[in-house]
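The structure under discussion appears below in the form of structure tokens.
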Amino acid sequence: MLVDNGVNGDSRVQKTARSAADAGWDVVLLGRSQTGQPASWRLGEAQVQLLRMPSPLRQRRHEYRRHWLVAPFAYPPTGIAAHRAQAVRAWQADLAVRRALLAGGSGGPLRRAGLRVRELAAKVVKKWVSFRYWQLTTSQRLRNSLRSPWDRAYTLFWRKVLGVRAWRRLEPQLWDFELAYGETVDALAPDIIYANDFRMLGVGARAKIRARARGRDIKLIWDVHEYLPGVKPRANHHRWMPANHAHEREYAPHVDAVITVSERLAELLRRDYSLPELPSVVLNTPNAADVSAPLDESTADIRTACGLGPETPLVVYSGAAAAQRGMGVMVEAMPQLPGVHVAFVVNDPHGPYLTGLVNRAKELGAADRLHVLPYVAHNQVVRFLSTATAGVIPIHHWLNHEIQLITKFFEYSHARLPIVVSDVETMAATTRENGQGEVFRVDDVQEYVRAVRAIVADPERYRAAYRSIDLAAWTWEAQAVVQDRLYRRLAPPHRLPAGPVGAPAIDQPDVTVLVGQ
């Protein structure tokens, strides 16, 4: 299995690898090392390998050059600008000490006059250095957005000339993934490659093409976690979306089966790529065993982690921390919800976005009721969250948010938490239909306050809704059966593991190697 991250924190990828191995498949999960050093470990019976991935192609050639037309006086982008700015500050600090010494009575008029000349010179040099530094940062900001007339013309030219191959010019960093993963994939000689998302699609497809040239038939499964045209670009420049979309369109025809996260997304993919069959839907749901298993001794439940008693209202957001996740509304509402505590369980508790929210809570006088916690292991999430009063999903209106039930929706549901969700289409409709929570308009503080107050006033009313919801259908065990059927359909008959579809293997004869995202 192929993934473009460090595996930890990606519950879908971990569950996919582990359940496939439990069913008897020989699974190798390849990911990207976040430390720059290779690493490996076992995930159940699956082998995880993190590969070292240098990314020199992430920077574009113009980032190494001066922009003479836009900023003729700018420093070259070598780091000399920061060096010169710091050197001037050091010069001025030295002059300040000399001024203090002269104020003590040492030195005559001539030395004082000389010091004034040097202080004036330092001010002039500082202004010149600041101007050149400003020209550098301004030109970099303009060029890095790739939105200038020249950059737009460059993008249009290569899209017209190369078509789906244009990503080679527009987003060459995609080659860094190929160069990091390709050799290892070839050496494993898999029967099936399971590529997660758009970056790994190309890695898997090129490995399939190379294997065919050597007389081997590899099957390629593409697991589409998000609809690419509906994501927020992961780089702040104009070429990211057309480049990655071209990359996806070039390699989509090479897949043998497609898996995705919702019926709506399945229909969009079949339409966009003229797929011969509707992609299979695999929801990112919790393992049934994890729902009922006790917490590890080292992991407290969320209420205990926050130091709160059972009567204190506690609303929780669990997931990635980013502006488009809408977490700001939870902080802005705190003054209107006295006594209600807020917990953020996030991937980066000390990142700039979370730091900004914590500072805002301080400004509002509510910092003592805001708790920021790190992720827990994916198999502990449901039990960890279950002691909260409500789970919040305040995400903004992006297409991928509209068309699926996201991971935290299932985690909150299995934790039997009343849900406060923004009015994104699918989750809002499901919440209303099931009666398991309240819906509010995105970023509307008053609407959010109304929803939270309703749940805090009578949480049992919403928890009761789970008695009529078939949560067994929202378990990973049910989803793994869908995946296992695909593996069995695609693998060579003599390489199938023993046992019924989706069941743990009785033994492990010759089995397929899955190389995933």
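Residues are referred to by chain and number: the chain letter is A, B, ... according to the order shown in the structure tokens, the number counts from 1 in that chain, and ligands are numbered separately from 1 in the order shown.
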Mind checking which residues fall within 10 Å of Asp458 (chain A), counting only C-alpha atoms, ignoring those fewer than 5 positions away in the same chain, and posting them as a list in words? Pro418, Arg453 and Arg463 of chain A
Residue list (alpha helix (DSSP H), DSSP) for region 170-234 of chain A, as an MDAnalysis selection string: chainID A and resid 170 174:188 197:213
Using only C-alpha atoms, which residues sit within 8 Å of region 428-444 of chain A once same-chain residues fewer than 4 positions away are excluded, as a list in words?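 Counting only C-alpha atoms, the residues come to Gly326, Gly328, Val329, Pro394, Ile395, His396, His397, Pro418, Ile419, Val420, Val421, Ser422, Asp423, Val424, Tyr448, Ala451, Val452, Ala454, Ile455, Tyr462, Arg463, Ala464, Ala465, Tyr466 and Ile469 of chain A.
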Can you write just those residues out, N, CA and C atoms, as a compact mmCIF listing (two decimals), in the first residue's frame?
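New file again.txt:
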```
# COMPACT_ATOMS: atom_id res chain seq x y z
N GLY A 326 -13.13 25.36 10.51
CA GLY A 326 -14.13 26.18 11.18
C GLY A 326 -14.06 26.22 12.69
N GLY A 328 -12.72 28.18 14.71
CA GLY A 328 -12.79 29.50 15.31
C GLY A 328 -14.14 29.83 15.91
N VAL A 329 -15.22 29.31 15.33
CA VAL A 329 -16.55 29.61 15.85
C VAL A 329 -16.72 29.06 17.26
N PRO A 394 -17.48 21.71 12.78
CA PRO A 394 -17.84 23.05 12.30
C PRO A 394 -17.30 23.41 10.92
N ILE A 395 -17.02 22.41 10.08
CA ILE A 395 -16.28 22.62 8.84
C ILE A 395 -17.01 23.52 7.85
N HIS A 396 -16.21 24.13 6.98
CA HIS A 396 -16.70 25.09 6.00
C HIS A 396 -17.22 24.40 4.74
N HIS A 397 -17.80 25.21 3.86
CA HIS A 397 -18.42 24.69 2.64
C HIS A 397 -17.38 24.47 1.54
N PRO A 418 -23.90 13.34 21.11
CA PRO A 418 -24.70 14.27 20.32
C PRO A 418 -23.76 15.09 19.43
N ILE A 419 -24.19 15.36 18.20
CA ILE A 419 -23.30 16.02 17.23
C ILE A 419 -23.81 17.42 16.93
N VAL A 420 -22.88 18.38 16.97
CA VAL A 420 -23.16 19.75 16.51
C VAL A 420 -22.41 19.92 15.20
N VAL A 421 -23.14 20.04 14.09
CA VAL A 421 -22.50 20.05 12.78
C VAL A 421 -22.94 21.27 11.98
N SER A 422 -22.02 21.83 11.22
CA SER A 422 -22.38 22.94 10.33
C SER A 422 -23.25 22.42 9.19
N ASP A 423 -23.85 23.34 8.45
CA ASP A 423 -24.85 22.94 7.46
C ASP A 423 -24.23 22.48 6.13
N VAL A 424 -23.20 21.62 6.23
CA VAL A 424 -22.68 20.95 5.04
C VAL A 424 -23.65 19.83 4.68
N TYR A 448 -24.53 28.61 16.33
CA TYR A 448 -23.74 27.60 17.04
C TYR A 448 -24.10 27.59 18.53
N ALA A 451 -27.32 25.80 19.06
CA ALA A 451 -27.20 24.35 18.92
C ALA A 451 -26.57 23.73 20.17
N VAL A 452 -25.51 24.35 20.68
CA VAL A 452 -24.83 23.81 21.86
C VAL A 452 -25.75 23.88 23.08
N ALA A 454 -28.94 23.75 23.17
CA ALA A 454 -30.00 22.73 23.06
C ALA A 454 -29.48 21.37 23.52
N ILE A 455 -28.26 21.03 23.14
CA ILE A 455 -27.71 19.72 23.51
C ILE A 455 -27.33 19.68 24.98
N TYR A 462 -30.59 13.28 22.60
CA TYR A 462 -29.85 13.02 21.36
C TYR A 462 -29.13 11.68 21.43
N ARG A 463 -28.65 11.31 22.60
CA ARG A 463 -28.01 10.01 22.74
C ARG A 463 -29.00 8.87 22.48
N ALA A 464 -30.26 9.11 22.81
CA ALA A 464 -31.28 8.08 22.61
C ALA A 464 -31.44 7.72 21.13
N ALA A 465 -31.09 8.67 20.24
CA ALA A 465 -31.23 8.41 18.80
C ALA A 465 -30.38 7.24 18.35
N TYR A 466 -29.29 6.97 19.04
CA TYR A 466 -28.38 5.90 18.61
C TYR A 466 -28.99 4.52 18.81
N ILE A 469 -30.14 3.58 15.33
CA ILE A 469 -29.17 3.65 14.22
C ILE A 469 -28.40 2.34 14.16
```
Long-range neighbours of region 171-175 of chain A as a list in words, 10 Å cut-off, only C-alpha atoms, 4 positions minimum in chain: Ser55, Pro56, Leu57, Arg58, Gln59, Arg60, Ala166, Trp167, Leu179, Ala180, Tyr181, Gly182, Arg199, Met200, Gly202, Val203, Arg239, Trp240, Met241, Pro242, Ala243, Asn244, Ala246 and His247 of chain A
Could you tell me how far CA of Leu385 (chain A) sits from CA of Ala293 (chain A), in Å to one decimal place?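 Straight-line distance from CA of Ala293 (chain A) to CA of Leu385 (chain A) works out to 13.1 Å.
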Excluding Trp68 (chain A) and its own-chain neighbours fewer than 6 positions away, which residues fall within 12 Å of it when counting only C-alpha atoms? Please give them as a ChimeraX atom specification. /A:62,74-76,135-136,139-140
Write down as a list in words the residues belonging to region 48-254 of chain A that are assigned strand (DSSP E) by DSSP computed on the backbone.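 Assigned to strand (DSSP E), within region 48-254 of chain A: Val48, Gln49, Leu50, Leu51, Ile192, Ile193, Tyr194, Ala195, Asn196, Lys219, Leu220, Ile221, Trp222, Asp223 and Val224 of chain A.
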